[in-house]
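Visitor: To be precise about what I am sending: the file is called structure.cif and holds mmCIF, C-alpha atoms.
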data_entry
#
loop_
_atom_site.group_PDB
_atom_site.id
_atom_site.type_symbol
_atom_site.label_atom_id
_atom_site.label_comp_id
_atom_site.auth_asym_id
_atom_site.auth_seq_id
_atom_site.Cartn_x
_atom_site.Cartn_y
_atom_site.Cartn_z
ATOM 1 C CA MET J 44 10.673 -22.269 -1.518
ATOM 2 C CA SER J 45 10.323 -22.408 2.267
ATOM 3 C CA THR J 46 8.718 -19.464 4.036
ATOM 4 C CA GLN J 47 10.141 -20.458 7.421
ATOM 5 C CA PRO J 48 12.996 -17.884 7.476
ATOM 6 C CA THR J 49 10.527 -15.087 6.727
ATOM 7 C CA GLN J 50 8.107 -16.341 9.379
ATOM 8 C CA ASP J 51 10.937 -16.570 11.932
ATOM 9 C CA ALA J 52 12.047 -13.004 11.155
ATOM 10 C CA GLU J 53 8.500 -11.682 11.484
ATOM 11 C CA ARG J 54 8.023 -13.496 14.805
ATOM 12 C CA ALA J 55 11.336 -12.124 16.083
ATOM 13 C CA MET J 56 10.305 -8.577 15.135
ATOM 14 C CA LEU J 57 7.007 -9.011 16.946
ATOM 15 C CA GLU J 58 8.763 -10.256 20.069
ATOM 16 C CA ALA J 59 11.292 -7.415 19.864
ATOM 17 C CA ALA J 60 8.436 -4.915 19.669
ATOM 18 C CA ALA J 61 6.815 -6.431 22.751
ATOM 19 C CA TRP J 62 10.094 -6.289 24.678
ATOM 20 C CA LYS J 63 10.747 -2.705 23.618
ATOM 21 C CA ILE J 64 7.316 -1.553 24.759
ATOM 22 C CA ARG J 65 7.623 -3.448 28.053
ATOM 23 C CA LEU J 66 11.047 -2.004 28.858
ATOM 24 C CA ASN J 67 9.961 1.469 27.863
ATOM 25 C CA ALA J 68 7.011 1.218 30.258
ATOM 26 C CA ALA J 69 9.271 0.059 33.111
ATOM 27 C CA PRO J 70 12.804 1.327 32.420
ATOM 28 C CA HIS J 71 14.037 0.410 35.914
ATOM 29 C CA ASP J 72 12.704 -3.144 35.979
ATOM 30 C CA GLU J 73 15.913 -5.161 36.313
ATOM 31 C CA THR J 74 14.065 -8.468 35.986
ATOM 32 C CA ALA J 75 12.596 -7.436 32.649
ATOM 33 C CA GLN J 76 15.990 -6.233 31.476
ATOM 34 C CA ALA J 77 17.575 -9.561 32.364
ATOM 35 C CA GLU J 78 14.805 -11.533 30.651
ATOM 36 C CA CYS J 79 15.156 -9.402 27.537
ATOM 37 C CA ALA J 80 18.931 -9.949 27.520
ATOM 38 C CA THR J 81 18.334 -13.693 27.747
ATOM 39 C CA TRP J 82 15.899 -13.567 24.846
ATOM 40 C CA ARG J 83 18.375 -11.590 22.715
ATOM 41 C CA ALA J 84 21.119 -14.139 23.406
ATOM 42 C CA GLN J 85 18.941 -17.110 22.437
ATOM 43 C CA ASP J 86 19.230 -16.568 18.696
ATOM 44 C CA PRO J 87 21.207 -14.262 16.357
ATOM 45 C CA GLY J 88 17.880 -13.450 14.709
ATOM 46 C CA HIS J 89 16.625 -12.080 18.016
ATOM 47 C CA GLU J 90 19.563 -9.697 18.260
ATOM 48 C CA ARG J 91 19.083 -8.520 14.664
ATOM 49 C CA ALA J 92 15.386 -7.920 15.311
ATOM 50 C CA TRP J 93 16.190 -6.010 18.505
ATOM 51 C CA ARG J 94 18.617 -3.694 16.718
ATOM 52 C CA ARG J 95 16.128 -3.010 13.939
ATOM 53 C CA MET J 96 13.453 -2.244 16.506
ATOM 54 C CA GLU J 97 15.786 0.125 18.353
ATOM 55 C CA ARG J 98 16.435 2.035 15.124
ATOM 56 C CA ALA J 99 12.731 2.257 14.353
ATOM 57 C CA TRP J 100 11.912 3.378 17.893
ATOM 58 C CA ALA J 101 14.603 6.040 17.815
ATOM 59 C CA ALA J 102 13.271 7.320 14.498
ATOM 60 C CA THR J 103 9.675 7.722 15.653
ATOM 61 C CA GLY J 104 9.815 8.412 19.392
ATOM 62 C CA GLN J 105 7.550 6.823 21.940
ATOM 63 C CA LEU J 106 4.029 5.661 21.170
ATOM 64 C CA SER J 107 1.430 8.345 21.752
ATOM 65 C CA PRO J 108 -1.126 8.086 24.585
ATOM 66 C CA ALA J 109 -3.706 7.065 21.979
ATOM 67 C CA MET J 110 -1.789 3.793 21.651
ATOM 68 C CA ARG J 111 -2.432 2.597 25.212
ATOM 69 C CA PRO J 112 -3.245 -1.129 25.086
ATOM 70 C CA HIS J 113 -6.633 -0.902 26.797
ATOM 71 C CA ASP J 114 -7.868 1.483 24.072
ATOM 72 C CA ARG J 115 -7.279 -0.899 21.166
ATOM 73 C CA PRO J 116 -9.624 -3.326 19.434
ATOM 74 C CA ALA J 117 -9.564 -6.768 20.981
ATOM 75 C CA THR J 118 -8.989 -8.341 17.573
ATOM 76 C CA ILE J 119 -5.293 -7.389 17.505
ATOM 77 C CA ARG J 120 -3.727 -10.254 19.430
ATOM 78 C CA PRO J 121 -0.450 -11.303 17.800
ATOM 79 C CA PRO J 122 1.102 -14.382 19.454
ATOM 80 C CA VAL J 123 4.373 -13.595 21.215
ATOM 81 C CA ALA J 124 6.355 -16.647 22.160
ATOM 82 C CA GLY J 125 8.737 -16.449 25.104
ATOM 83 C CA ILE J 126 7.125 -13.415 26.777
ATOM 84 C CA THR J 127 6.120 -13.730 30.413
ATOM 85 C CA ALA J 128 2.559 -13.340 31.659
ATOM 86 C CA ARG J 129 3.265 -9.811 32.836
ATOM 87 C CA ALA J 130 3.870 -8.780 29.229
ATOM 88 C CA ARG J 131 0.582 -10.151 27.867
ATOM 89 C CA PRO J 132 -1.318 -6.845 28.106
ATOM 90 C CA LEU J 133 1.329 -5.364 25.829
ATOM 91 C CA ARG J 134 0.732 -7.760 22.931
ATOM 92 C CA VAL J 135 -1.707 -5.440 21.238
ATOM 93 C CA ALA J 136 0.741 -2.556 21.424
ATOM 94 C CA ALA J 137 3.463 -4.848 20.100
ATOM 95 C CA GLY J 138 1.365 -5.683 17.071
ATOM 96 C CA CYS J 139 0.841 -2.019 16.288
ATOM 97 C CA MET J 140 4.515 -1.245 16.899
ATOM 98 C CA LEU J 141 5.504 -4.055 14.546
ATOM 99 C CA ALA J 142 3.356 -2.625 11.772
ATOM 100 C CA LEU J 143 4.881 0.804 12.338
ATOM 101 C CA ALA J 144 8.441 -0.514 12.497
ATOM 102 C CA ALA J 145 8.016 -2.609 9.374
ATOM 103 C CA SER J 146 6.735 0.403 7.493
ATOM 104 C CA LEU J 147 9.576 2.585 8.752
ATOM 105 C CA LEU J 148 12.264 0.109 7.823
ATOM 106 C CA ALA J 149 10.794 -0.673 4.415
ATOM 107 C CA PHE J 150 9.745 2.840 3.440
ATOM 108 C CA ALA J 151 12.981 4.533 2.403
ATOM 109 C CA THR J 152 14.697 1.846 0.308
ATOM 110 C CA PRO J 153 11.785 0.878 -2.004
ATOM 111 C CA ASP J 154 11.005 4.545 -2.592
ATOM 112 C CA LEU J 155 14.620 5.205 -3.531
ATOM 113 C CA MET J 156 14.639 2.193 -5.873
ATOM 114 C CA LEU J 157 11.456 3.466 -7.498
ATOM 115 C CA ARG J 158 13.059 6.836 -8.179
ATOM 116 C CA LEU J 159 16.179 5.214 -9.613
ATOM 117 C CA GLN J 160 14.162 3.123 -12.085
ATOM 118 C CA ALA J 161 11.745 5.869 -13.086
ATOM 119 C CA ASP J 162 11.896 8.290 -15.976
ATOM 120 C CA TYR J 163 9.054 10.269 -14.421
ATOM 121 C CA TYR J 164 8.075 10.341 -10.762
ATOM 122 C CA THR J 165 5.605 12.243 -8.574
ATOM 123 C CA LYS J 166 5.718 12.935 -4.868
ATOM 124 C CA THR J 167 2.845 12.317 -2.478
ATOM 125 C CA GLY J 168 -0.062 14.598 -3.376
ATOM 126 C CA GLU J 169 1.531 15.717 -6.663
ATOM 127 C CA THR J 170 -0.107 15.296 -10.085
ATOM 128 C CA ARG J 171 2.008 15.688 -13.204
ATOM 129 C CA THR J 172 1.346 15.443 -16.942
ATOM 130 C CA VAL J 173 4.210 14.558 -19.290
ATOM 131 C CA SER J 174 4.374 14.342 -23.080
ATOM 132 C CA LEU J 175 6.116 11.369 -24.662
ATOM 133 C CA PRO J 176 8.101 11.607 -27.934
ATOM 134 C CA ASP J 177 5.125 10.565 -30.108
ATOM 135 C CA GLY J 178 2.726 13.104 -28.583
ATOM 136 C CA THR J 179 1.093 10.637 -26.178
ATOM 137 C CA THR J 180 0.396 12.262 -22.818
ATOM 138 C CA VAL J 181 0.623 10.544 -19.449
ATOM 139 C CA THR J 182 -0.762 12.030 -16.247
ATOM 140 C CA LEU J 183 0.748 10.584 -13.073
ATOM 141 C CA ALA J 184 -1.229 10.473 -9.851
ATOM 142 C CA GLY J 185 0.342 11.191 -6.472
ATOM 143 C CA HIS J 186 3.383 9.069 -5.541
ATOM 144 C CA SER J 187 3.532 7.294 -8.885
ATOM 145 C CA ALA J 188 6.325 6.395 -11.276
ATOM 146 C CA ILE J 189 6.783 5.234 -14.850
ATOM 147 C CA ALA J 190 9.672 4.080 -17.013
ATOM 148 C CA VAL J 191 9.489 4.784 -20.756
ATOM 149 C CA HIS J 192 10.868 2.436 -23.422
ATOM 150 C CA TYR J 193 10.689 3.730 -27.014
ATOM 151 C CA ALA J 194 12.828 1.801 -29.483
ATOM 152 C CA GLY J 195 12.231 0.842 -33.117
ATOM 153 C CA GLN J 196 8.672 -0.411 -33.530
ATOM 154 C CA GLU J 197 8.051 -0.566 -29.802
ATOM 155 C CA ARG J 198 6.389 1.994 -27.571
ATOM 156 C CA ARG J 199 6.228 0.666 -24.039
ATOM 157 C CA VAL J 200 5.667 2.244 -20.625
ATOM 158 C CA THR J 201 6.118 0.430 -17.326
ATOM 159 C CA LEU J 202 4.009 1.583 -14.406
ATOM 160 C CA LEU J 203 6.413 1.054 -11.514
ATOM 161 C CA GLY J 204 3.950 2.146 -8.863
ATOM 162 C CA GLY J 205 0.823 4.200 -8.291
ATOM 163 C CA GLU J 206 -1.538 5.228 -11.070
ATOM 164 C CA ALA J 207 -1.379 6.863 -14.477
ATOM 165 C CA PHE J 208 -3.835 8.057 -17.123
ATOM 166 C CA PHE J 209 -2.820 7.535 -20.749
ATOM 167 C CA ASN J 210 -4.083 9.514 -23.732
ATOM 168 C CA VAL J 211 -2.456 7.641 -26.579
ATOM 169 C CA VAL J 212 -1.663 8.861 -30.072
ATOM 170 C CA HIS J 213 -2.495 5.824 -32.168
ATOM 171 C CA ASP J 214 0.153 4.561 -34.585
ATOM 172 C CA ALA J 215 -0.702 1.470 -36.624
ATOM 173 C CA GLN J 216 2.999 0.863 -37.280
ATOM 174 C CA ARG J 217 4.045 1.026 -33.636
ATOM 175 C CA GLY J 218 1.960 -0.516 -30.912
ATOM 176 C CA PHE J 219 1.644 1.099 -27.502
ATOM 177 C CA ALA J 220 1.724 -1.045 -24.356
ATOM 178 C CA VAL J 221 1.634 -0.398 -20.604
ATOM 179 C CA ARG J 222 3.037 -3.005 -18.247
ATOM 180 C CA ALA J 223 1.988 -3.053 -14.585
ATOM 181 C CA GLY J 224 3.205 -6.054 -12.619
ATOM 182 C CA ASN J 225 2.340 -9.086 -14.745
ATOM 183 C CA VAL J 226 -0.443 -7.282 -16.622
ATOM 184 C CA THR J 227 0.144 -5.786 -20.076
ATOM 185 C CA THR J 228 -2.410 -3.372 -21.551
ATOM 186 C CA ARG J 229 -2.220 -2.647 -25.278
ATOM 187 C CA ASP J 230 -3.781 0.406 -26.861
ATOM 188 C CA ILE J 231 -6.173 0.134 -29.755
ATOM 189 C CA GLY J 232 -6.683 3.918 -30.035
ATOM 190 C CA THR J 233 -7.833 5.025 -26.612
ATOM 191 C CA ALA J 234 -7.607 6.920 -23.349
ATOM 192 C CA PHE J 235 -7.346 4.698 -20.285
ATOM 193 C CA ASP J 236 -6.207 4.470 -16.674
ATOM 194 C CA VAL J 237 -3.910 1.891 -15.059
ATOM 195 C CA GLN J 238 -3.539 1.583 -11.313
ATOM 196 C CA MET J 239 -1.486 -0.506 -8.887
ATOM 197 C CA ALA J 240 -2.807 -0.712 -5.319
ATOM 198 C CA GLY J 241 -1.213 -3.383 -3.153
ATOM 199 C CA PRO J 242 -1.395 -6.670 -5.085
ATOM 200 C CA HIS J 243 -4.185 -5.352 -7.319
ATOM 201 C CA VAL J 244 -3.793 -4.036 -10.851
ATOM 202 C CA SER J 245 -6.790 -2.210 -12.346
ATOM 203 C CA VAL J 246 -7.446 -0.992 -15.881
ATOM 204 C CA ALA J 247 -10.350 1.324 -16.784
ATOM 205 C CA VAL J 248 -11.185 2.716 -20.222
ATOM 206 C CA ARG J 249 -12.442 6.245 -20.846
ATOM 207 C CA GLU J 250 -12.387 6.169 -24.655
ATOM 208 C CA GLY J 251 -11.713 3.543 -27.304
ATOM 209 C CA ILE J 252 -10.565 -0.032 -26.749
ATOM 210 C CA VAL J 253 -7.685 -1.781 -24.983
ATOM 211 C CA SER J 254 -6.471 -5.350 -25.000
ATOM 212 C CA ILE J 255 -5.299 -6.879 -21.711
ATOM 213 C CA ALA J 256 -2.959 -9.863 -21.418
ATOM 214 C CA ARG J 257 -1.768 -11.606 -18.289
ATOM 215 C CA ARG J 258 0.792 -14.405 -18.511
ATOM 216 C CA SER J 259 -0.722 -17.307 -20.455
ATOM 217 C CA ASP J 260 -4.340 -16.217 -19.969
ATOM 218 C CA PRO J 261 -6.311 -15.407 -23.126
ATOM 219 C CA ALA J 262 -6.301 -11.711 -23.952
ATOM 220 C CA LEU J 263 -9.484 -9.779 -23.294
ATOM 221 C CA ARG J 264 -10.802 -6.485 -24.575
ATOM 222 C CA LEU J 265 -12.236 -3.568 -22.658
ATOM 223 C CA THR J 266 -14.243 -0.759 -24.230
ATOM 224 C CA ALA J 267 -15.212 2.665 -22.904
ATOM 225 C CA GLY J 268 -16.963 2.402 -19.544
ATOM 226 C CA GLN J 269 -15.459 -0.969 -18.632
ATOM 227 C CA GLN J 270 -12.895 -1.796 -15.966
ATOM 228 C CA TRP J 271 -10.980 -4.903 -14.927
ATOM 229 C CA THR J 272 -9.071 -5.693 -11.738
ATOM 230 C CA VAL J 273 -6.840 -8.633 -10.875
ATOM 231 C CA ASP J 274 -5.231 -9.741 -7.624
ATOM 232 C CA GLN J 275 -1.723 -10.718 -8.698
ATOM 233 C CA GLN J 276 -1.270 -12.932 -5.642
ATOM 234 C CA THR J 277 -4.392 -15.066 -6.028
ATOM 235 C CA GLY J 278 -5.085 -14.612 -9.717
ATOM 236 C CA GLN J 279 -8.700 -13.681 -9.008
ATOM 237 C CA ALA J 280 -10.058 -11.133 -11.474
ATOM 238 C CA ARG J 281 -13.275 -9.183 -11.725
ATOM 239 C CA ARG J 282 -14.763 -7.180 -14.544
ATOM 240 C CA GLY J 283 -17.266 -4.370 -14.181
ATOM 241 C CA THR J 284 -18.596 -1.110 -15.528
ATOM 242 C CA ILE J 285 -17.805 2.496 -14.718
ATOM 243 C CA ASP J 286 -19.026 5.843 -15.931
ATOM 244 C CA PRO J 287 -16.421 6.874 -18.544
ATOM 245 C CA GLU J 288 -16.385 10.362 -17.020
ATOM 246 C CA ASP J 289 -15.189 8.840 -13.725
ATOM 247 C CA VAL J 290 -12.125 7.248 -15.334
ATOM 248 C CA GLY J 291 -9.174 9.387 -14.290
ATOM 249 C CA ALA J 292 -11.369 11.675 -12.167
ATOM 250 C CA TRP J 293 -8.466 11.986 -9.722
ATOM 251 C CA ARG J 294 -6.890 14.391 -12.220
ATOM 252 C CA SER J 295 -9.434 16.986 -11.115
ATOM 253 C CA GLY J 296 -9.126 16.131 -7.410
ATOM 254 C CA GLN J 297 -11.895 13.560 -7.057
ATOM 255 C CA LEU J 298 -11.306 10.002 -5.869
ATOM 256 C CA VAL J 299 -14.123 7.892 -7.298
ATOM 257 C CA LEU J 300 -14.383 4.460 -5.681
ATOM 258 C CA ASN J 301 -16.547 1.813 -7.273
ATOM 259 C CA ASP J 302 -16.777 -1.591 -5.585
ATOM 260 C CA VAL J 303 -13.192 -1.792 -4.314
ATOM 261 C CA ARG J 304 -11.933 -3.287 -1.062
ATOM 262 C CA LEU J 305 -11.310 -0.986 1.869
ATOM 263 C CA SER J 306 -7.621 -1.925 1.854
ATOM 264 C CA GLU J 307 -7.329 -0.892 -1.824
ATOM 265 C CA ALA J 308 -9.090 2.404 -1.125
ATOM 266 C CA VAL J 309 -6.670 3.189 1.714
ATOM 267 C CA ASP J 310 -3.708 2.349 -0.545
ATOM 268 C CA VAL J 311 -4.966 4.760 -3.191
ATOM 269 C CA LEU J 312 -5.700 7.537 -0.712
ATOM 270 C CA ALA J 313 -2.222 7.132 0.790
ATOM 271 C CA ARG J 314 -0.766 8.614 -2.411
ATOM 272 C CA TYR J 315 -2.282 11.959 -1.448
ATOM 273 C CA TYR J 316 -2.062 11.752 2.338
ATOM 274 C CA PRO J 317 0.308 14.170 4.154
ATOM 275 C CA GLY J 318 2.170 11.528 6.115
ATOM 276 C CA THR J 319 2.488 7.755 6.064
ATOM 277 C CA ILE J 320 -0.461 5.399 6.470
ATOM 278 C CA VAL J 321 0.145 2.028 8.136
ATOM 279 C CA THR J 322 -2.622 -0.593 8.095
ATOM 280 C CA HIS J 323 -3.280 -3.466 10.460
ATOM 281 C CA GLY J 324 -5.941 -6.134 10.028
ATOM 282 C CA LEU J 325 -7.030 -5.107 6.524
ATOM 283 C CA GLU J 326 -5.000 -7.770 4.717
ATOM 284 C CA HIS J 327 -7.923 -10.139 4.245
ATOM 285 C CA ASP J 328 -10.803 -7.709 4.354
ATOM 286 C CA THR J 329 -13.858 -8.417 2.234
ATOM 287 C CA ILE J 330 -15.468 -5.005 2.664
ATOM 288 C CA THR J 331 -16.219 -3.271 -0.634
ATOM 289 C CA VAL J 332 -16.526 0.491 -0.660
ATOM 290 C CA GLY J 333 -17.737 3.204 -2.996
ATOM 291 C CA GLY J 334 -18.313 6.920 -3.123
ATOM 292 C CA VAL J 335 -16.584 10.130 -4.154
ATOM 293 C CA TYR J 336 -13.900 11.682 -1.952
ATOM 294 C CA ASP J 337 -12.092 15.022 -2.127
ATOM 295 C CA LEU J 338 -8.371 14.521 -2.711
ATOM 296 C CA HIS J 339 -7.725 18.156 -1.817
ATOM 297 C CA HIS J 340 -8.614 17.201 1.783
ATOM 298 C CA PRO J 341 -7.128 13.689 2.166
ATOM 299 C CA LYS J 342 -7.280 13.605 5.973
ATOM 300 C CA GLU J 343 -10.992 14.284 5.967
ATOM 301 C CA ALA J 344 -11.412 11.782 3.121
ATOM 302 C CA LEU J 345 -9.674 9.050 5.138
ATOM 303 C CA GLU J 346 -11.789 9.813 8.194
ATOM 304 C CA ALA J 347 -14.973 9.646 6.121
ATOM 305 C CA LEU J 348 -13.869 6.440 4.420
ATOM 306 C CA CYS J 349 -13.241 4.689 7.738
ATOM 307 C CA ALA J 350 -16.362 6.083 9.387
ATOM 308 C CA LEU J 351 -18.634 4.910 6.587
ATOM 309 C CA HIS J 352 -17.072 1.577 5.772
ATOM 310 C CA GLY J 353 -15.401 0.349 8.949
ATOM 311 C CA GLY J 354 -11.977 1.040 10.343
ATOM 312 C CA ARG J 355 -10.367 3.103 13.053
ATOM 313 C CA LEU J 356 -7.627 5.728 12.940
ATOM 314 C CA VAL J 357 -4.811 6.066 15.468
ATOM 315 C CA SER J 358 -2.296 8.921 15.289
ATOM 316 C CA LEU J 359 1.338 7.847 15.689
ATOM 317 C CA PRO J 360 4.577 9.837 16.013
ATOM 318 C CA ALA J 361 6.486 11.273 13.057
ATOM 319 C CA GLY J 362 3.408 11.762 10.845
ATOM 320 C CA PHE J 363 2.294 8.134 10.819
ATOM 321 C CA THR J 364 -1.398 7.174 10.899
ATOM 322 C CA LEU J 365 -2.477 3.633 11.756
ATOM 323 C CA VAL J 366 -5.670 2.322 10.119
ATOM 324 C CA LEU J 367 -7.147 -0.573 12.079
ATOM 325 C CA ALA J 368 -9.794 -3.010 10.920
ATOM 326 C CA ASP J 369 -13.188 -2.648 12.590
ATOM 327 C CA PRO J 370 -13.343 -5.445 15.231
ATOM 328 C CA LYS J 371 -17.058 -5.839 14.504
ATOM 329 C CA THR J 372 -16.437 -6.535 10.835
ATOM 330 C CA PRO J 373 -16.280 -10.284 10.032
#
Go through the file and emit its structure as C-alpha cells.
Guide:
Amino acid sequence: MSTQPTQDAERAMLEAAAWKIRLNAAPHDETAQAECATWRAQDPGHERAWRRMERAWAATGQLSPAMRPHDRPATIRPPVAGITARARPLRVAAGCMLALAASLLAFATPDLMLRLQADYYTKTGETRTVSLPDGTTVTLAGHSAIAVHYAGQERRVTLLGGEAFFNVVHDAQRGFAVRAGNVTTRDIGTAFDVQMAGPHVSVAVREGIVSIARRSDPALRLTAGQQWTVDQQTGQARRGTIDPEDVGAWRSGQLVLNDVRLSEAVDVLARYYPGTIVTHGLEHDTITVGGVYDLHHPKEALEALCALHGGRLVSLPAGFTLVLADPKTP
C-alpha cells in the first residue's frame, strides 16, 4: 500500500502550520495573505489542511511566548515546500504547531472510540480495581481500558489501551488470556502486568507463570521476576528481569522504570499527567531510562525524567505540554 497520500497530508499540515504562524505574526501583511491564498488554491489538500489548522488554532489560542522560534532546539527543522525565505525562521514553530495540531485533532475521536469498546475504563490519573465473574481481579492504571469476553470455556480480556494488573483465579477447565495488540498472554496460575505504550507491548510477571504468543512466533514462558517487551512495528523484542515487587508498583503510586526508552516512559507518565503531553523528536530515540518516580506528583516526575535523561519541556495553551528531544542527544 502506498504511503504517498499520508505523506502529502502530513506535508500539507506542516505547510498550513507555517502559514498560520506567519500570518498570525503579521496580520496586516497583504503580501503574505495573497501568497497564502495562492498556496491554498494550488491543491484541495492544502485547503483541507488549512481548515483543520484553523480549527486547531481556535481551540488552543496563540502559541505562548515560550514558543518563540529563537528559543527552540536547532534540531527541529521540518522542510516546508513553497514557503518564501521570509518564512524560514518560522519553520521550527511550524513543526511544534503541527505536533500540537495533530494531537488536538486526533485526541477526541480515539478516546471516544476507546470508551465505546470498553467494559471498564479509567480517566487520566485514575486507578480502578474491578472483579470479573470468576473472581479474577483487574486493576486498571490511569487512562486505560479493557473489554471482557467470558463465554463457554473461554475467559478473555482485551487491553484496549494503557496498562492493567491481573490477579487471576486459575481454572484448569477454562483458560484465561489477555490480548494486547498482536500479543496474547495466557495465564498458568499467576499475577502479572500488561502494558501498551506507543507501539510497545510489555508483560511482567509478579507471581506464577504466563505463556506469551505473538502471531506465528513460538510461544515463550515467563516466570516471576521476568519481563518481555516487543515493538509491534519492527517486531524487535527484548527479555529481561525485574524485581517481582516492582511489578504493578504503579498501584501504590510509584512508577518504576527499568531499561525503557524515554519515549515509552513519557507515554506511561502521560496517563497520570494533568493535561496532554505532545512529543517531538522522540520517535527514534535510543535513550534508555530507569528510576522510580512519584505518580502523585506527575508534573515533577516529568521534569525529573527529562532533566536526568534528556529532553526539554515547553508549556503550550489549553493544558498542553510539549516534550522535545535533547538536541545534544545522538
Visitor: My list of candidates is J:Asp230, J:Glu250, J:Asp328, J:Glu169. Which is closest to Gly296 of chain J when distances are computed with all atoms listed in the file?
Guide: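 Among the listed residues, J:Glu169 lies closest to Gly296 of chain J.
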Visitor: So, counting all atoms listed in the file, which residue among J:Ala262, J:Leu305, J:Ala190, J:Ala55 is closest to Glu326 of chain J?
Guide: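 Under the stated criterion, the closest residue is J:Leu305.
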Visitor: What is the distance between atom CA of Val332 of chain J and atom CA of Val226 of chain J, in Å to one decimal?
Guide: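 These atoms are spaced 24.0 Å apart.
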Visitor: Under the rule that only C-alpha atoms are counted, which of J:Leu183, J:Val309, J:Pro261, J:Ser245 is the nearest residue to Arg281 of chain J?
Guide: J:Ser245
Visitor: Return as AutoDock Vina command-line options the box centre and box size in Å, one decimal, for an axis-aligned box around all listed atoms of segment 315-334 of chain J padded by 6 Å per side.
Guide:
--center_x -7.9 --center_y 2.0 --center_z 3.7 --size_x 32.8 --size_y 36.3 --size_z 25.6
Visitor: Would you translate the PyMOL selection byres ((chain J and resi 341-344) around 9) into the concrete set of residues it matches in this file, as a list in words?
Guide: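 Applied to this file, the PyMOL selection byres ((chain J and resi 341-344) around 9) returns Leu312, Ala313, Tyr315, Tyr316, Pro317, Tyr336, Asp337, Leu338, His339, His340, Leu345, Glu346, Ala347, Leu348 and Cys349 of chain J.
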Visitor: How would you write as JSON, numbers by chain the residues that get within 12 Å of (-11.4, 6.5, -19.6) in the file's frame, counting all atoms listed in the file?
Guide: {"J": [207, 208, 209, 210, 211, 232, 233, 234, 235, 236, 237, 246, 247, 248, 249, 250, 251, 252, 253, 265, 266, 267, 268, 269, 270, 284, 285, 286, 287, 288, 289, 290, 291, 292, 293, 294]}
Visitor: Enter the distance from atom CA of Thr81 of chain J to atom CA of Glu58 of chain J, in Å, rounded to one decimal.
Guide: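 Distance reported for this atom pair: 12.7 Å.
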Visitor: What's the separation between atom CA of Gly354 of chain J and atom CA of Val335 of chain J, in Å to one decimal place?
Guide: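 Taking atom CA of Gly354 of chain J as the start and atom CA of Val335 of chain J as the end point, the length is 17.7 Å.
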Visitor: Ranking J:Ser295, J:Thr201, J:Asn67, J:Thr364 by minimum distance to Thr227 of chain J and counting only C-alpha atoms, which one comes first?
Guide: J:Thr201
Visitor: So which residues touch Ile330 of chain J within 9 Å, counting only C-alpha atoms, skipping near sequence neighbours fewer than 3 positions away, as number ranges by chain?
Guide: J: 303-306, 352-353, 372
Visitor: For the file shown, what are the residues hit by the PyMOL selection byres ((chain J and resi 203) around 8), laid out as a list in words?
Guide: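 Taken over the shown coordinates, the PyMOL selection byres ((chain J and resi 203) around 8) returns Leu157, Ala161, Ser187, Ala188, Ile189, Ala190, Thr201, Leu202, Gly204, Gly205, Ala223 and Gly224 of chain J.
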Visitor: Restricting the calculation to all atoms listed in the file: of J:Val191, J:Leu175, J:Ala361, J:Val366, which residue gets closest to Val321 of chain J?
Guide: J:Val366
Visitor: Excluding same-chain residues fewer than 6 positions from Phe219 of chain J, what lies within 9 Å of it counting only C-alpha atoms, as a PDB file with C-alpha atoms, keeping the file's coordinate frame?
Guide:
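Saved file selection_18.pdb follows:
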ATOM      1  CA  GLU J 197       8.051  -0.566 -29.802  1.00  0.00           C
ATOM      2  CA  ARG J 198       6.389   1.994 -27.571  1.00  0.00           C
ATOM      3  CA  ARG J 199       6.228   0.666 -24.039  1.00  0.00           C
ATOM      4  CA  VAL J 200       5.667   2.244 -20.625  1.00  0.00           C
ATOM      5  CA  VAL J 211      -2.456   7.641 -26.579  1.00  0.00           C
ATOM      6  CA  VAL J 212      -1.663   8.861 -30.072  1.00  0.00           C
ATOM      7  CA  HIS J 213      -2.495   5.824 -32.168  1.00  0.00           C
ATOM      8  CA  THR J 228      -2.410  -3.372 -21.551  1.00  0.00           C
ATOM      9  CA  ARG J 229      -2.220  -2.647 -25.278  1.00  0.00           C
ATOM     10  CA  ASP J 230      -3.781   0.406 -26.861  1.00  0.00           C
ATOM     11  CA  ILE J 231      -6.173   0.134 -29.755  1.00  0.00           C
TER      12      ILE J 231
END
Visitor: For this file, the PyMOL selection byres ((chain J and resi 280) around 12) selects which residues, as a VMD selection string?
Guide: chain J and resid 226 242 to 246 257 260 263 270 to 279 281 to 283
Visitor: Write a file of the selected residues as an mmCIF file, in the coordinates of the input, keeping C-alpha atoms.
Guide:
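And here is the file that came out, selection33.cif:
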data_model
loop_
_atom_site.group_PDB
_atom_site.id
_atom_site.type_symbol
_atom_site.label_atom_id
_atom_site.label_comp_id
_atom_site.auth_asym_id
_atom_site.auth_seq_id
_atom_site.Cartn_x
_atom_site.Cartn_y
_atom_site.Cartn_z
ATOM 1 C CA VAL J 226 -0.443 -7.282 -16.622
ATOM 2 C CA PRO J 242 -1.395 -6.670 -5.085
ATOM 3 C CA HIS J 243 -4.185 -5.352 -7.319
ATOM 4 C CA VAL J 244 -3.793 -4.036 -10.851
ATOM 5 C CA SER J 245 -6.790 -2.210 -12.346
ATOM 6 C CA VAL J 246 -7.446 -0.992 -15.881
ATOM 7 C CA ARG J 257 -1.768 -11.606 -18.289
ATOM 8 C CA ASP J 260 -4.340 -16.217 -19.969
ATOM 9 C CA LEU J 263 -9.484 -9.779 -23.294
ATOM 10 C CA GLN J 270 -12.895 -1.796 -15.966
ATOM 11 C CA TRP J 271 -10.980 -4.903 -14.927
ATOM 12 C CA THR J 272 -9.071 -5.693 -11.738
ATOM 13 C CA VAL J 273 -6.840 -8.633 -10.875
ATOM 14 C CA ASP J 274 -5.231 -9.741 -7.624
ATOM 15 C CA GLN J 275 -1.723 -10.718 -8.698
ATOM 16 C CA GLN J 276 -1.270 -12.932 -5.642
ATOM 17 C CA THR J 277 -4.392 -15.066 -6.028
ATOM 18 C CA GLY J 278 -5.085 -14.612 -9.717
ATOM 19 C CA GLN J 279 -8.700 -13.681 -9.008
ATOM 20 C CA ARG J 281 -13.275 -9.183 -11.725
ATOM 21 C CA ARG J 282 -14.763 -7.180 -14.544
ATOM 22 C CA GLY J 283 -17.266 -4.370 -14.181
#
Visitor: Which is closer to Gly241 of chain J than all the others in J:Val221, J:Val181, J:Ala256, J:Val311, using only C-alpha atoms?
Guide: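 Of all the options, J:Val311 lies closest to Gly241 of chain J.
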